[in-house]
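To start, the structure under review is shown below, and the notes come after it.
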Amino acid sequence: MPAPLPLTGDGATRSIGDAGRRNMLQLVQLRWLAVAGQLSAIVIAQYGLGVRLPLQAMLGVAGATILLNLASIVLLRKQIGTSNGSLFFALILDVASLTAQLYLGGGVTNPFISLFLLHVVLGAILLDTWSAVVIVLVTSLCFAFLTVVYRPLAFPLALLDYRRLIETAGAWACFAIIAMLLVLFMTRITQNLRARDAHLANLRQQAAEEDHIVRMGLLASGAAHELGTPLASLAVILGDWKRMPALSADPDLVTEIGEMQAEVQRCKAIVTGVLLAAGEARGEAPAITGMRRFLDGIAEDWHAAHMATTLDYRNDFPGDLPVVADPALKQVLFNVLDNAAEASPGWIGFSASQADDALVIAVRDAGPGFSAERLERIGKPYESSKGRLGGGLGLFLVVNVMRKLGGAVTAANCADGGAVVRLTLPLAAIAAPPGRGA
């Protein structure tokens with residue numbers, strides 16, 4: 001089995017950071033519940049059962065926990081404090097807060113001593129291995145400390161006979177709280193981690209697809225360079241033939257030579273287009289044109305090469321925004337139009353409009369539509385409905401080029417038959433630089 005692709009770049013970092021932020025939010029919410037539980041226990045013990053507690057010290061610990069939570073919220077809003085170290089430090093402070101409250105409230109005899117297990121479970125799920133091990137060691141040491149050093153609870157004489165019952169009820173309450181919090185927060189945290197893992201898997205898939213495109217681009221570029229020399233030689237030879245008296249005297253040969261020269265020029269234009277699409281000539285002297293003219297030109301050029309297909313073209317883009325005539329985008333639209341024409345040779349629809357700050361292009365056909373399985377795998381390489389070897393690269397390239405430009409591709413079957421492919425592209429991705437008009 002091949003090793004997984006390494007993940008680098010902002011996408012992976014952002015995914016891990018988002019998961020860390022959501023997990024820190026879970027700790028903040030848990031801390032609010034802990035403060036509420038501590039205050040409730042203090043009120044019940046002090047005023048309900050008559051147990052004398054060091055109120056000032058215990059309320060001070062609860063106040064410090066509240067300040068910690070407020071600081072955590074401020075840091076989260078500034079996108080700070082979502083790393084493993086930050087989560088580890090937050091859990092250590094939570095353990096310290098619980099230890100202080102237990103020290104003031106009976107130590108190991110307090111039935112809520114089992115709350116240490118909650119921090120152990122949180123550390124095992126949220127933290128790296130070394131951090132989780134440290135949490136286990138710290139909670140174990142705190143537990144051991146509280147077995148010998150603590151402030152005993154001063155039960156009133158009237159409750160001494162019921163102390164065992166009270167401690168049992170407290171132990172049951174502690175178990176119920178731990179079980180409830182584990183179900184509530186572990187479910188949320190697991191969902192956060194699954195979402196992160198799914199996003200990372202998607203990034204790995206994109207990295208693999210982009211690597212595939214790079215290899216295809218190198219192959220196409222190399223082939224185009226290799227074909228350039230023999231095509232140039234053929235053009236020169238055909239020019240010489242056309243000027244030779246023995247051949248120029250035969251009108252039929254002259255016509256055939258002219259047709260051959262036209263086909264050679266067409267091949268050279270295709271080679272030039274391949275090099276442009278590979279990015280070798282892109283950015284040197286970008287052509288600036290208007291959006292409407294750019295789209296009209298694409299429709300005209302494509303229809304000129306496919307006269308047998310009726311092209312129902314509608315350009316509803318408002319105004320004529322100056323844009324860069326990107327050869328890659330032109331090739332993308334050609335690929336979508338070619339796919340539609342193969343599915344529906346008699347008629348295809350091509351429309352352009354604007355939605356908010358994006359260009360929306362829809363290409364519709366009157367063919368059989370996409371299968372359910374094909375719709376789920378739109379944009380995957382070698383997923384072709386034509387069943388030919390090496391097919392299925394058209395939409396794969398379309399999806400990846402659009403993704404590089406910040407756009408998106410969606411496909412759907414139409415209720416009245418046929419299918420539609422929609423391309424959404426932010427206008428900023430192709431807009432001409434300021435001061436550069438069409």
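Ordering of the structure tokens sets the chain letters (A, B, ...); residue numbers start at 1 within each chain; ligands are numbered from 1 in the order shown.
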
Q: Extract, using only C-alpha atoms, all DNA, RNA and protein residues at most 7 Å from segment 229-236 of chain A, discarding same-chain residues fewer than 4 positions from it, and format them as a list in words.
A: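 Everything that qualifies: Asp240, Gln261, Val264 and Lys268 of chain A.
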
So which residues touch Ile135 of chain A within 7 Å, counting only C-alpha atoms, skipping near sequence neighbours fewer than 3 positions away, as a PDB file with N, CA, C and O atoms, in the first residue's frame?
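Contents of the output file selection.pdb:
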```pdb
ATOM      1  N   VAL A 120      -9.222  12.972  32.230  1.00  0.00           N
ATOM      2  CA  VAL A 120      -8.402  11.937  31.601  1.00  0.00           C
ATOM      3  C   VAL A 120      -8.973  11.561  30.235  1.00  0.00           C
ATOM      4  O   VAL A 120      -8.247  11.444  29.238  1.00  0.00           O
ATOM      5  N   GLY A 123      -8.435  14.382  27.758  1.00  0.00           N
ATOM      6  CA  GLY A 123      -7.040  14.415  27.308  1.00  0.00           C
ATOM      7  C   GLY A 123      -6.740  13.319  26.308  1.00  0.00           C
ATOM      8  O   GLY A 123      -6.022  13.539  25.325  1.00  0.00           O
ATOM      9  N   SER A 131       0.910  14.441  25.733  1.00  0.00           N
ATOM     10  CA  SER A 131       0.094  15.338  26.552  1.00  0.00           C
ATOM     11  C   SER A 131      -0.937  14.547  27.350  1.00  0.00           C
ATOM     12  O   SER A 131      -1.185  14.835  28.534  1.00  0.00           O
ATOM     13  N   ALA A 132      -1.545  13.547  26.719  1.00  0.00           N
ATOM     14  CA  ALA A 132      -2.534  12.721  27.418  1.00  0.00           C
ATOM     15  C   ALA A 132      -1.892  11.961  28.576  1.00  0.00           C
ATOM     16  O   ALA A 132      -2.480  11.823  29.657  1.00  0.00           O
ATOM     17  N   VAL A 138      -0.692  13.805  36.105  1.00  0.00           N
ATOM     18  CA  VAL A 138      -1.071  14.945  36.946  1.00  0.00           C
ATOM     19  C   VAL A 138      -2.326  14.627  37.749  1.00  0.00           C
ATOM     20  O   VAL A 138      -2.385  14.890  38.963  1.00  0.00           O
ATOM     21  N   THR A 139      -3.346  14.055  37.104  1.00  0.00           N
ATOM     22  CA  THR A 139      -4.576  13.720  37.840  1.00  0.00           C
ATOM     23  C   THR A 139      -4.310  12.650  38.894  1.00  0.00           C
ATOM     24  O   THR A 139      -4.893  12.690  39.994  1.00  0.00           O
TER      25      THR A 139
END
```

**Q.** Which of segment 297-379 of chain A DSSP labels alpha helix (DSSP H), written as a ChimeraX atom specification
**A.** /A:297-305,327-343,372-376

Those residues you just picked out, can you put them in a file as a PDB file, in the first residue's frame with N, CA and C atoms?
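Here's the written file again.pdb:
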```
ATOM      1  N   GLY A 297     -16.953  35.421 -28.128  1.00  0.00           N
ATOM      2  CA  GLY A 297     -15.880  34.827 -28.922  1.00  0.00           C
ATOM      3  C   GLY A 297     -15.765  33.330 -28.712  1.00  0.00           C
ATOM      4  N   ILE A 298     -15.932  32.894 -27.463  1.00  0.00           N
ATOM      5  CA  ILE A 298     -15.880  31.450 -27.182  1.00  0.00           C
ATOM      6  C   ILE A 298     -17.014  30.727 -27.907  1.00  0.00           C
ATOM      7  N   ALA A 299     -18.233  31.287 -27.813  1.00  0.00           N
ATOM      8  CA  ALA A 299     -19.371  30.657 -28.482  1.00  0.00           C
ATOM      9  C   ALA A 299     -19.169  30.623 -29.999  1.00  0.00           C
ATOM     10  N   GLU A 300     -18.653  31.703 -30.554  1.00  0.00           N
ATOM     11  CA  GLU A 300     -18.439  31.765 -32.010  1.00  0.00           C
ATOM     12  C   GLU A 300     -17.371  30.773 -32.454  1.00  0.00           C
ATOM     13  N   ASP A 301     -16.249  30.732 -31.721  1.00  0.00           N
ATOM     14  CA  ASP A 301     -15.154  29.829 -32.106  1.00  0.00           C
ATOM     15  C   ASP A 301     -15.585  28.371 -31.992  1.00  0.00           C
ATOM     16  N   TRP A 302     -16.308  28.048 -30.915  1.00  0.00           N
ATOM     17  CA  TRP A 302     -16.713  26.650 -30.756  1.00  0.00           C
ATOM     18  C   TRP A 302     -17.726  26.261 -31.828  1.00  0.00           C
ATOM     19  N   HIS A 303     -18.679  27.134 -32.109  1.00  0.00           N
ATOM     20  CA  HIS A 303     -19.700  26.785 -33.093  1.00  0.00           C
ATOM     21  C   HIS A 303     -19.116  26.682 -34.493  1.00  0.00           C
ATOM     22  N   ALA A 304     -18.078  27.467 -34.767  1.00  0.00           N
ATOM     23  CA  ALA A 304     -17.434  27.407 -36.088  1.00  0.00           C
ATOM     24  C   ALA A 304     -16.824  26.025 -36.334  1.00  0.00           C
ATOM     25  N   ALA A 305     -16.381  25.365 -35.243  1.00  0.00           N
ATOM     26  CA  ALA A 305     -15.787  24.030 -35.384  1.00  0.00           C
ATOM     27  C   ALA A 305     -16.809  22.916 -35.232  1.00  0.00           C
ATOM     28  N   PRO A 327      -6.629  31.688 -21.503  1.00  0.00           N
ATOM     29  CA  PRO A 327      -6.744  30.511 -22.373  1.00  0.00           C
ATOM     30  C   PRO A 327      -7.208  29.269 -21.619  1.00  0.00           C
ATOM     31  N   ALA A 328      -6.825  29.148 -20.347  1.00  0.00           N
ATOM     32  CA  ALA A 328      -7.240  27.976 -19.570  1.00  0.00           C
ATOM     33  C   ALA A 328      -8.750  27.966 -19.380  1.00  0.00           C
ATOM     34  N   LEU A 329      -9.336  29.137 -19.104  1.00  0.00           N
ATOM     35  CA  LEU A 329     -10.783  29.206 -18.942  1.00  0.00           C
ATOM     36  C   LEU A 329     -11.493  28.911 -20.264  1.00  0.00           C
ATOM     37  N   LYS A 330     -10.918  29.406 -21.356  1.00  0.00           N
ATOM     38  CA  LYS A 330     -11.502  29.124 -22.672  1.00  0.00           C
ATOM     39  C   LYS A 330     -11.484  27.629 -22.947  1.00  0.00           C
ATOM     40  N   GLN A 331     -10.383  26.964 -22.617  1.00  0.00           N
ATOM     41  CA  GLN A 331     -10.299  25.528 -22.839  1.00  0.00           C
ATOM     42  C   GLN A 331     -11.281  24.774 -21.949  1.00  0.00           C
ATOM     43  N   VAL A 332     -11.482  25.279 -20.727  1.00  0.00           N
ATOM     44  CA  VAL A 332     -12.454  24.664 -19.822  1.00  0.00           C
ATOM     45  C   VAL A 332     -13.840  24.693 -20.446  1.00  0.00           C
ATOM     46  N   LEU A 333     -14.248  25.851 -20.971  1.00  0.00           N
ATOM     47  CA  LEU A 333     -15.574  25.968 -21.573  1.00  0.00           C
ATOM     48  C   LEU A 333     -15.681  25.104 -22.824  1.00  0.00           C
ATOM     49  N   PHE A 334     -14.611  25.028 -23.607  1.00  0.00           N
ATOM     50  CA  PHE A 334     -14.614  24.150 -24.777  1.00  0.00           C
ATOM     51  C   PHE A 334     -14.836  22.702 -24.367  1.00  0.00           C
ATOM     52  N   ASN A 335     -14.169  22.277 -23.263  1.00  0.00           N
ATOM     53  CA  ASN A 335     -14.327  20.894 -22.802  1.00  0.00           C
ATOM     54  C   ASN A 335     -15.771  20.605 -22.404  1.00  0.00           C
ATOM     55  N   VAL A 336     -16.386  21.556 -21.684  1.00  0.00           N
ATOM     56  CA  VAL A 336     -17.769  21.342 -21.258  1.00  0.00           C
ATOM     57  C   VAL A 336     -18.687  21.301 -22.477  1.00  0.00           C
ATOM     58  N   LEU A 337     -18.478  22.207 -23.431  1.00  0.00           N
ATOM     59  CA  LEU A 337     -19.299  22.225 -24.641  1.00  0.00           C
ATOM     60  C   LEU A 337     -19.093  20.955 -25.460  1.00  0.00           C
ATOM     61  N   ASP A 338     -17.838  20.484 -25.550  1.00  0.00           N
ATOM     62  CA  ASP A 338     -17.560  19.245 -26.297  1.00  0.00           C
ATOM     63  C   ASP A 338     -18.283  18.061 -25.652  1.00  0.00           C
ATOM     64  N   ASN A 339     -18.233  17.971 -24.310  1.00  0.00           N
ATOM     65  CA  ASN A 339     -18.922  16.875 -23.632  1.00  0.00           C
ATOM     66  C   ASN A 339     -20.423  16.925 -23.874  1.00  0.00           C
ATOM     67  N   ALA A 340     -20.989  18.134 -23.829  1.00  0.00           N
ATOM     68  CA  ALA A 340     -22.421  18.268 -24.070  1.00  0.00           C
ATOM     69  C   ALA A 340     -22.772  17.869 -25.501  1.00  0.00           C
ATOM     70  N   ALA A 341     -21.923  18.260 -26.462  1.00  0.00           N
ATOM     71  CA  ALA A 341     -22.186  17.925 -27.861  1.00  0.00           C
ATOM     72  C   ALA A 341     -22.088  16.423 -28.105  1.00  0.00           C
ATOM     73  N   GLU A 342     -21.200  15.729 -27.398  1.00  0.00           N
ATOM     74  CA  GLU A 342     -21.099  14.281 -27.559  1.00  0.00           C
ATOM     75  C   GLU A 342     -22.341  13.579 -27.011  1.00  0.00           C
ATOM     76  N   ALA A 343     -22.924  14.136 -25.933  1.00  0.00           N
ATOM     77  CA  ALA A 343     -24.138  13.544 -25.375  1.00  0.00           C
ATOM     78  C   ALA A 343     -25.376  13.946 -26.165  1.00  0.00           C
ATOM     79  N   ALA A 372     -26.832   8.126 -11.555  1.00  0.00           N
ATOM     80  CA  ALA A 372     -26.672   8.539 -10.158  1.00  0.00           C
ATOM     81  C   ALA A 372     -25.230   8.351  -9.693  1.00  0.00           C
ATOM     82  N   GLU A 373     -24.619   7.245 -10.110  1.00  0.00           N
ATOM     83  CA  GLU A 373     -23.227   6.990  -9.728  1.00  0.00           C
ATOM     84  C   GLU A 373     -22.291   8.003 -10.356  1.00  0.00           C
ATOM     85  N   ARG A 374     -22.566   8.371 -11.608  1.00  0.00           N
ATOM     86  CA  ARG A 374     -21.735   9.354 -12.299  1.00  0.00           C
ATOM     87  C   ARG A 374     -21.847  10.728 -11.639  1.00  0.00           C
ATOM     88  N   LEU A 375     -23.046  11.097 -11.212  1.00  0.00           N
ATOM     89  CA  LEU A 375     -23.231  12.391 -10.553  1.00  0.00           C
ATOM     90  C   LEU A 375     -22.427  12.475  -9.266  1.00  0.00           C
ATOM     91  N   GLU A 376     -22.337  11.356  -8.534  1.00  0.00           N
ATOM     92  CA  GLU A 376     -21.597  11.354  -7.280  1.00  0.00           C
ATOM     93  C   GLU A 376     -20.098  11.483  -7.507  1.00  0.00           C
TER      94      GLU A 376
END
```

Q: May I have the residues within 12 Å of Pro152 of chain A as a list in words, using only C-alpha atoms and disregarding those fewer than 5 positions away in the same chain?
A: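 Once the adjacent positions are removed, what remains is Val51, Arg52, Leu53, Pro54, Leu102, Tyr103, Leu104, Gly105, Gly106, Gly107, Val108, Thr109, Asn110, Leu146 and Thr147 of chain A.
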
(Q) Give me the residues near Arg314 of chain A as a ChimeraX atom specification, where near means some atom within 9 Å (using only C-alpha atoms) and where sequence neighbours in that chain fewer than 5 positions away do not count. (A) /A:349-353

Q | Distance criterion (only C-alpha atoms): nearest to Ser371 of chain A out of A:Ala169, A:Ala419, A:Val136, A:Leu200 | A |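 Answer, going by the shortest atom-to-atom distance: A:Ala419.
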
Q.
Considering only C-alpha atoms, can you say which of A:Leu193, A:Ala41, A:Ser97, A:Gln46 comes closest to Gly170 of chain A?
A. A:Ala41

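The nearest approach to Asp357 of chain A among the residues A:Phe175, A:Phe145, A:Phe185, A:Phe317, with only C-alpha atoms taken into account, belongs to A:Phe317.
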
Q: DSSP on the backbone, then: every residue of segment 256-424 of chain A marked strand (DSSP E or B), written as a count of residues only.
A: 41

Q. In Å to one decimal, how far is atom CA of Ala362 of chain A from atom CA of Ile348 of chain A?
A. 10.4 Å

Q. Looking at A:Pro368, A:Ala358, A:Leu76, A:Asp250, which one is nearest to Ala428 of chain A, with distances taken over only C-alpha atoms?
A. A:Ala358

Q.
Measuring between only C-alpha atoms, which one of A:Asp365, A:Gln26, A:Leu117, A:Phe88 shows the shortest distance to Thr187 of chain A?
A. A:Gln26
